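Visitor: File entry_2.cif follows (mmCIF, C-alpha atoms):
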```
data_my_file
loop_
_atom_site.group_PDB
_atom_site.id
_atom_site.type_symbol
_atom_site.label_atom_id
_atom_site.label_comp_id
_atom_site.auth_asym_id
_atom_site.auth_seq_id
_atom_site.Cartn_x
_atom_site.Cartn_y
_atom_site.Cartn_z
ATOM 1 C CA MET A 12 -5.064 -205.099 -67.328
ATOM 2 C CA ILE A 13 -6.247 -203.598 -70.597
ATOM 3 C CA GLU A 14 -5.557 -199.955 -71.415
ATOM 4 C CA PHE A 15 -6.508 -197.662 -74.287
ATOM 5 C CA LYS A 16 -4.522 -194.433 -74.148
ATOM 6 C CA GLY A 17 -4.033 -191.545 -76.577
ATOM 7 C CA GLU A 18 -5.869 -189.186 -78.908
ATOM 8 C CA LEU A 19 -8.860 -190.418 -80.899
ATOM 9 C CA ALA A 20 -8.605 -190.435 -84.693
ATOM 10 C CA GLU A 21 -10.637 -187.864 -86.622
ATOM 11 C CA SER A 22 -13.274 -190.372 -87.796
ATOM 12 C CA THR A 23 -13.685 -191.754 -84.280
ATOM 13 C CA LEU A 24 -13.866 -188.236 -82.853
ATOM 14 C CA LYS A 25 -16.615 -187.355 -85.335
ATOM 15 C CA PHE A 26 -18.641 -190.418 -84.283
ATOM 16 C CA TYR A 27 -18.017 -189.597 -80.607
ATOM 17 C CA LYS A 28 -19.363 -186.056 -80.996
ATOM 18 C CA LYS A 29 -22.507 -187.278 -82.803
ATOM 19 C CA ARG A 30 -23.100 -189.886 -80.116
ATOM 20 C CA MET A 31 -22.613 -187.348 -77.342
ATOM 21 C CA VAL A 32 -25.001 -184.813 -78.914
ATOM 22 C CA ARG A 33 -27.645 -187.493 -79.475
ATOM 23 C CA SER A 34 -27.514 -188.708 -75.876
ATOM 24 C CA ARG A 35 -27.615 -185.166 -74.444
ATOM 25 C CA GLN A 36 -30.539 -184.216 -76.676
ATOM 26 C CA GLY A 37 -32.488 -187.238 -75.498
ATOM 27 C CA THR A 38 -31.886 -186.318 -71.870
ATOM 28 C CA ASN A 39 -32.775 -182.658 -72.421
ATOM 29 C CA ILE A 40 -35.975 -183.464 -74.284
ATOM 30 C CA PHE A 41 -37.011 -185.974 -71.604
ATOM 31 C CA PHE A 42 -36.676 -183.347 -68.876
ATOM 32 C CA LEU A 43 -38.313 -180.713 -71.094
ATOM 33 C CA VAL A 44 -41.421 -182.885 -71.513
ATOM 34 C CA PHE A 45 -41.731 -183.518 -67.787
ATOM 35 C CA GLY A 46 -41.032 -179.859 -67.046
ATOM 36 C CA LEU A 47 -43.775 -178.842 -69.466
ATOM 37 C CA LEU A 48 -46.215 -181.206 -67.788
ATOM 38 C CA MET A 49 -45.445 -179.614 -64.421
ATOM 39 C CA LEU A 50 -45.631 -176.114 -65.913
ATOM 40 C CA THR A 51 -49.000 -176.932 -67.492
ATOM 41 C CA PHE A 52 -50.299 -178.221 -64.172
ATOM 42 C CA PHE A 53 -49.186 -175.092 -62.311
ATOM 43 C CA SER A 54 -50.439 -172.741 -65.023
ATOM 44 C CA ALA A 55 -53.952 -174.148 -64.503
ATOM 45 C CA PHE A 56 -53.970 -172.234 -61.233
ATOM 46 C CA CYS A 57 -52.706 -168.980 -62.790
ATOM 47 C CA ASP A 58 -54.341 -166.090 -64.602
ATOM 48 C CA VAL A 59 -54.297 -165.392 -68.362
ATOM 49 C CA GLY A 60 -51.151 -163.197 -68.239
ATOM 50 C CA LYS A 61 -49.065 -166.055 -66.950
ATOM 51 C CA ILE A 62 -50.438 -168.401 -69.592
ATOM 52 C CA ILE A 63 -49.167 -166.028 -72.296
ATOM 53 C CA ILE A 64 -45.713 -166.236 -70.722
ATOM 54 C CA PHE A 65 -46.103 -170.023 -70.880
ATOM 55 C CA PHE A 66 -46.450 -169.835 -74.660
ATOM 56 C CA ILE A 67 -43.277 -167.763 -74.895
ATOM 57 C CA VAL A 68 -41.199 -169.828 -72.480
ATOM 58 C CA VAL A 69 -42.082 -173.227 -73.950
ATOM 59 C CA PRO A 70 -40.696 -172.600 -77.471
ATOM 60 C CA VAL A 71 -37.516 -171.072 -76.040
ATOM 61 C CA LEU A 72 -36.989 -174.086 -73.770
ATOM 62 C CA ALA A 73 -37.662 -176.493 -76.634
ATOM 63 C CA ILE A 74 -35.093 -174.790 -78.857
ATOM 64 C CA ALA A 75 -32.574 -174.732 -76.002
ATOM 65 C CA ALA A 76 -33.121 -178.445 -75.300
ATOM 66 C CA ALA A 77 -32.456 -179.342 -78.921
ATOM 67 C CA PHE A 78 -29.449 -177.090 -79.587
ATOM 68 C CA LEU A 79 -27.665 -176.871 -76.226
ATOM 69 C CA PRO A 80 -25.642 -180.084 -76.830
ATOM 70 C CA TYR A 81 -24.246 -178.637 -80.094
ATOM 71 C CA LEU A 82 -23.200 -175.484 -78.255
ATOM 72 C CA MET A 83 -21.642 -177.578 -75.504
ATOM 73 C CA ILE A 84 -19.521 -179.492 -78.036
ATOM 74 C CA LYS A 85 -18.350 -176.244 -79.682
ATOM 75 C CA VAL A 86 -17.441 -174.574 -76.383
ATOM 76 C CA SER A 87 -15.754 -177.569 -74.779
ATOM 77 C CA LYS A 88 -13.630 -178.305 -77.885
ATOM 78 C CA ASP A 89 -11.580 -181.347 -76.866
ATOM 79 C CA ARG A 90 -11.896 -181.124 -73.075
ATOM 80 C CA LEU A 91 -14.655 -183.758 -72.972
ATOM 81 C CA VAL A 92 -12.810 -186.310 -75.122
ATOM 82 C CA PRO A 93 -11.728 -189.572 -73.474
ATOM 83 C CA LYS A 94 -7.968 -189.752 -72.894
ATOM 84 C CA CYS A 95 -7.541 -193.134 -71.212
ATOM 85 C CA ILE A 96 -9.790 -196.166 -70.659
ATOM 86 C CA THR A 97 -8.522 -198.902 -68.363
ATOM 87 C CA ILE A 98 -10.122 -202.269 -67.640
ATOM 88 C CA ASN A 99 -8.712 -203.853 -64.496
ATOM 89 C CA ASP A 100 -10.172 -206.228 -61.890
ATOM 90 C CA GLY A 101 -13.713 -205.995 -63.263
ATOM 91 C CA VAL A 102 -13.756 -202.181 -63.329
ATOM 92 C CA ILE A 103 -13.718 -199.927 -66.398
ATOM 93 C CA SER A 104 -12.047 -196.611 -65.556
ATOM 94 C CA LEU A 105 -12.213 -193.545 -67.778
ATOM 95 C CA ILE A 106 -10.113 -190.377 -67.739
ATOM 96 C CA ILE A 107 -11.287 -187.411 -69.809
ATOM 97 C CA ASN A 108 -9.020 -184.623 -71.142
ATOM 98 C CA SER A 109 -10.531 -182.187 -68.636
ATOM 99 C CA GLY A 110 -9.200 -184.376 -65.819
ATOM 100 C CA SER A 111 -12.561 -185.872 -64.851
ATOM 101 C CA THR A 112 -12.743 -189.573 -64.087
ATOM 102 C CA ASP A 113 -15.509 -192.160 -64.106
ATOM 103 C CA SER A 114 -15.634 -195.848 -63.238
ATOM 104 C CA ARG A 115 -18.128 -198.587 -64.030
ATOM 105 C CA LYS A 116 -18.244 -202.285 -63.277
ATOM 106 C CA ILE A 117 -18.027 -204.701 -66.181
ATOM 107 C CA GLU A 118 -21.386 -206.154 -65.124
ATOM 108 C CA GLN A 119 -23.000 -202.798 -66.004
ATOM 109 C CA VAL A 120 -22.062 -203.154 -69.702
ATOM 110 C CA LYS A 121 -25.254 -203.653 -71.696
ATOM 111 C CA ALA A 122 -23.790 -203.811 -75.184
ATOM 112 C CA VAL A 123 -20.476 -203.631 -77.003
ATOM 113 C CA LYS A 124 -20.501 -202.663 -80.663
ATOM 114 C CA ASP A 125 -17.580 -203.195 -83.011
ATOM 115 C CA TYR A 126 -17.236 -200.432 -85.612
ATOM 116 C CA GLY A 127 -14.028 -201.779 -87.152
ATOM 117 C CA GLU A 128 -11.598 -199.145 -85.854
ATOM 118 C CA TYR A 129 -13.123 -198.939 -82.376
ATOM 119 C CA TYR A 130 -15.530 -200.447 -79.865
ATOM 120 C CA THR A 131 -18.309 -198.522 -78.144
ATOM 121 C CA LEU A 132 -19.637 -199.532 -74.753
ATOM 122 C CA THR A 133 -23.229 -198.921 -73.681
ATOM 123 C CA PHE A 134 -24.206 -199.299 -70.052
ATOM 124 C CA LYS A 135 -27.363 -200.501 -68.332
ATOM 125 C CA GLY A 136 -29.545 -198.010 -66.542
ATOM 126 C CA PHE A 137 -31.550 -194.901 -67.146
ATOM 127 C CA PHE A 138 -29.615 -191.748 -68.116
ATOM 128 C CA THR A 139 -26.224 -193.428 -67.973
ATOM 129 C CA VAL A 140 -23.598 -191.528 -69.917
ATOM 130 C CA SER A 141 -22.080 -194.051 -72.305
ATOM 131 C CA SER A 142 -20.890 -191.677 -75.010
ATOM 132 C CA PHE A 143 -17.428 -191.304 -73.423
ATOM 133 C CA TYR A 144 -16.636 -195.004 -73.574
ATOM 134 C CA ILE A 145 -15.031 -195.468 -76.992
ATOM 135 C CA CYS A 146 -12.088 -197.879 -77.198
ATOM 136 C CA GLN A 147 -10.099 -197.201 -80.369
ATOM 137 C CA LYS A 148 -8.252 -200.406 -81.293
ATOM 138 C CA ASP A 149 -4.956 -198.784 -82.335
ATOM 139 C CA LEU A 150 -4.727 -196.963 -78.966
ATOM 140 C CA LEU A 151 -4.377 -200.262 -77.085
ATOM 141 C CA THR A 152 -1.213 -199.837 -74.965
ATOM 142 C CA GLN A 153 -1.584 -202.756 -72.540
ATOM 143 C CA GLY A 154 -3.298 -206.076 -73.016
ATOM 144 C CA SER A 155 -4.693 -207.404 -76.268
ATOM 145 C CA ILE A 156 -7.892 -207.353 -78.287
ATOM 146 C CA GLU A 157 -8.395 -211.039 -77.386
ATOM 147 C CA GLU A 158 -8.278 -210.156 -73.667
ATOM 148 C CA LEU A 159 -10.805 -207.377 -74.265
ATOM 149 C CA LYS A 160 -13.122 -209.729 -76.149
ATOM 150 C CA PHE A 161 -12.871 -212.300 -73.376
ATOM 151 C CA CYS A 162 -13.374 -209.716 -70.648
ATOM 152 C CA LEU A 163 -16.457 -208.140 -72.266
ATOM 153 C CA GLN A 164 -17.722 -211.356 -73.939
ATOM 154 C CA ILE A 165 -17.527 -209.900 -77.464
ATOM 155 C CA SER A 166 -18.178 -212.444 -80.190
#
```
Translate this structure into structure tokens?
Guide:
Amino acid sequence: MIEFKGELAESTLKFYKKRMVRSRQGTNIFFLVFGLLMLTFFSAFCDVGKIIIFFIVVPVLAIAAAFLPYLMIKVSKDRLVPKCITINDGVISLIINSGSTDSRKIEQVKAVKDYGEYYTLTFKGFFTVSSFYICQKDLLTQGSIEELKFCLQIS
């Protein structure tokens, strides 16, 4: 069993927040584009008054899609920060400060990046939330870095 438990350092926390905002913005913009395509299709069947509303709603939605993740980070403060990451029996379990939990299989790991002080895990799949999975090396409470490298095949 490998366990990372504790509070993230300030530099790691800064990276985590940037990564989280970037992933949320990508998701929001993706859904905004598809929503606009649907809205454009439906507005083709509407009169001119509704098309004017379309030109008001679209910029507001675009601004919201871009800036909502920043607002979410400010409001949530440290509730969305990972508190404990455990790797046991081929499963990576995550506990967030808010009490939420998430689990992924090791086979779902697409990439592991070493940033010196911490590792980040990225998972396979579309719209998978990987921003929470940051393993800060000095928070290792059980296991060893060698076990982690072997388990995740880090070179």
Visitor: From the options A:Ala55, A:Ala77, A:Ile67, A:Ile13, which residue's atoms come nearest to Gly37 of chain A, counting all atoms listed in the file?
Guide: A:Ala77
Visitor: I need the residue set behind the PyMOL selection byres ((chain A and resi 141-147) around 9) for this file; please write it as a PDB file with C-alpha atoms, in the frame of the given file.
Guide:
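The result, stored in out_20.pdb:
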```
ATOM      1  CA  GLU A  14      -5.557-199.955 -71.415  1.00  0.00           C
ATOM      2  CA  PHE A  15      -6.508-197.662 -74.287  1.00  0.00           C
ATOM      3  CA  LYS A  16      -4.522-194.433 -74.148  1.00  0.00           C
ATOM      4  CA  LEU A  19      -8.860-190.418 -80.899  1.00  0.00           C
ATOM      5  CA  ALA A  20      -8.605-190.435 -84.693  1.00  0.00           C
ATOM      6  CA  THR A  23     -13.685-191.754 -84.280  1.00  0.00           C
ATOM      7  CA  TYR A  27     -18.017-189.597 -80.607  1.00  0.00           C
ATOM      8  CA  LYS A  28     -19.363-186.056 -80.996  1.00  0.00           C
ATOM      9  CA  ARG A  30     -23.100-189.886 -80.116  1.00  0.00           C
ATOM     10  CA  MET A  31     -22.613-187.348 -77.342  1.00  0.00           C
ATOM     11  CA  VAL A  32     -25.001-184.813 -78.914  1.00  0.00           C
ATOM     12  CA  SER A  34     -27.514-188.708 -75.876  1.00  0.00           C
ATOM     13  CA  LEU A  91     -14.655-183.758 -72.972  1.00  0.00           C
ATOM     14  CA  VAL A  92     -12.810-186.310 -75.122  1.00  0.00           C
ATOM     15  CA  PRO A  93     -11.728-189.572 -73.474  1.00  0.00           C
ATOM     16  CA  CYS A  95      -7.541-193.134 -71.212  1.00  0.00           C
ATOM     17  CA  ILE A  96      -9.790-196.166 -70.659  1.00  0.00           C
ATOM     18  CA  LEU A 105     -12.213-193.545 -67.778  1.00  0.00           C
ATOM     19  CA  ILE A 107     -11.287-187.411 -69.809  1.00  0.00           C
ATOM     20  CA  GLU A 128     -11.598-199.145 -85.854  1.00  0.00           C
ATOM     21  CA  TYR A 129     -13.123-198.939 -82.376  1.00  0.00           C
ATOM     22  CA  TYR A 130     -15.530-200.447 -79.865  1.00  0.00           C
ATOM     23  CA  THR A 131     -18.309-198.522 -78.144  1.00  0.00           C
ATOM     24  CA  LEU A 132     -19.637-199.532 -74.753  1.00  0.00           C
ATOM     25  CA  THR A 133     -23.229-198.921 -73.681  1.00  0.00           C
ATOM     26  CA  PHE A 134     -24.206-199.299 -70.052  1.00  0.00           C
ATOM     27  CA  PHE A 138     -29.615-191.748 -68.116  1.00  0.00           C
ATOM     28  CA  THR A 139     -26.224-193.428 -67.973  1.00  0.00           C
ATOM     29  CA  VAL A 140     -23.598-191.528 -69.917  1.00  0.00           C
ATOM     30  CA  LYS A 148      -8.252-200.406 -81.293  1.00  0.00           C
ATOM     31  CA  ASP A 149      -4.956-198.784 -82.335  1.00  0.00           C
ATOM     32  CA  LEU A 150      -4.727-196.963 -78.966  1.00  0.00           C
ATOM     33  CA  LEU A 151      -4.377-200.262 -77.085  1.00  0.00           C
TER      34      LEU A 151
END
```
Visitor: Skip Ile165 of chain A itself and residues of its chain fewer than 5 positions away, then list as a ChimeraX atom specification all residues within 12 Å of it, counting only C-alpha atoms.
Guide: /A:120-125,130-132,156-160
Visitor: So which one's closest to Gln153 of chain A, A:Leu79, A:Leu43, A:Ile106, A:Ile98? Using only C-alpha atoms, please.
Guide: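 Of A:Leu79, A:Leu43, A:Ile106, A:Ile98, the one nearest Gln153 of chain A, counting only C-alpha atoms, is A:Ile98.
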Visitor: Rounded to one decimal, what separation in Å do you get between atom CA of Val44 of chain A and atom CA of Arg115 of chain A?
Guide: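 Calculated distance between atom CA of Val44 of chain A and atom CA of Arg115 of chain A is 29.1 Å.
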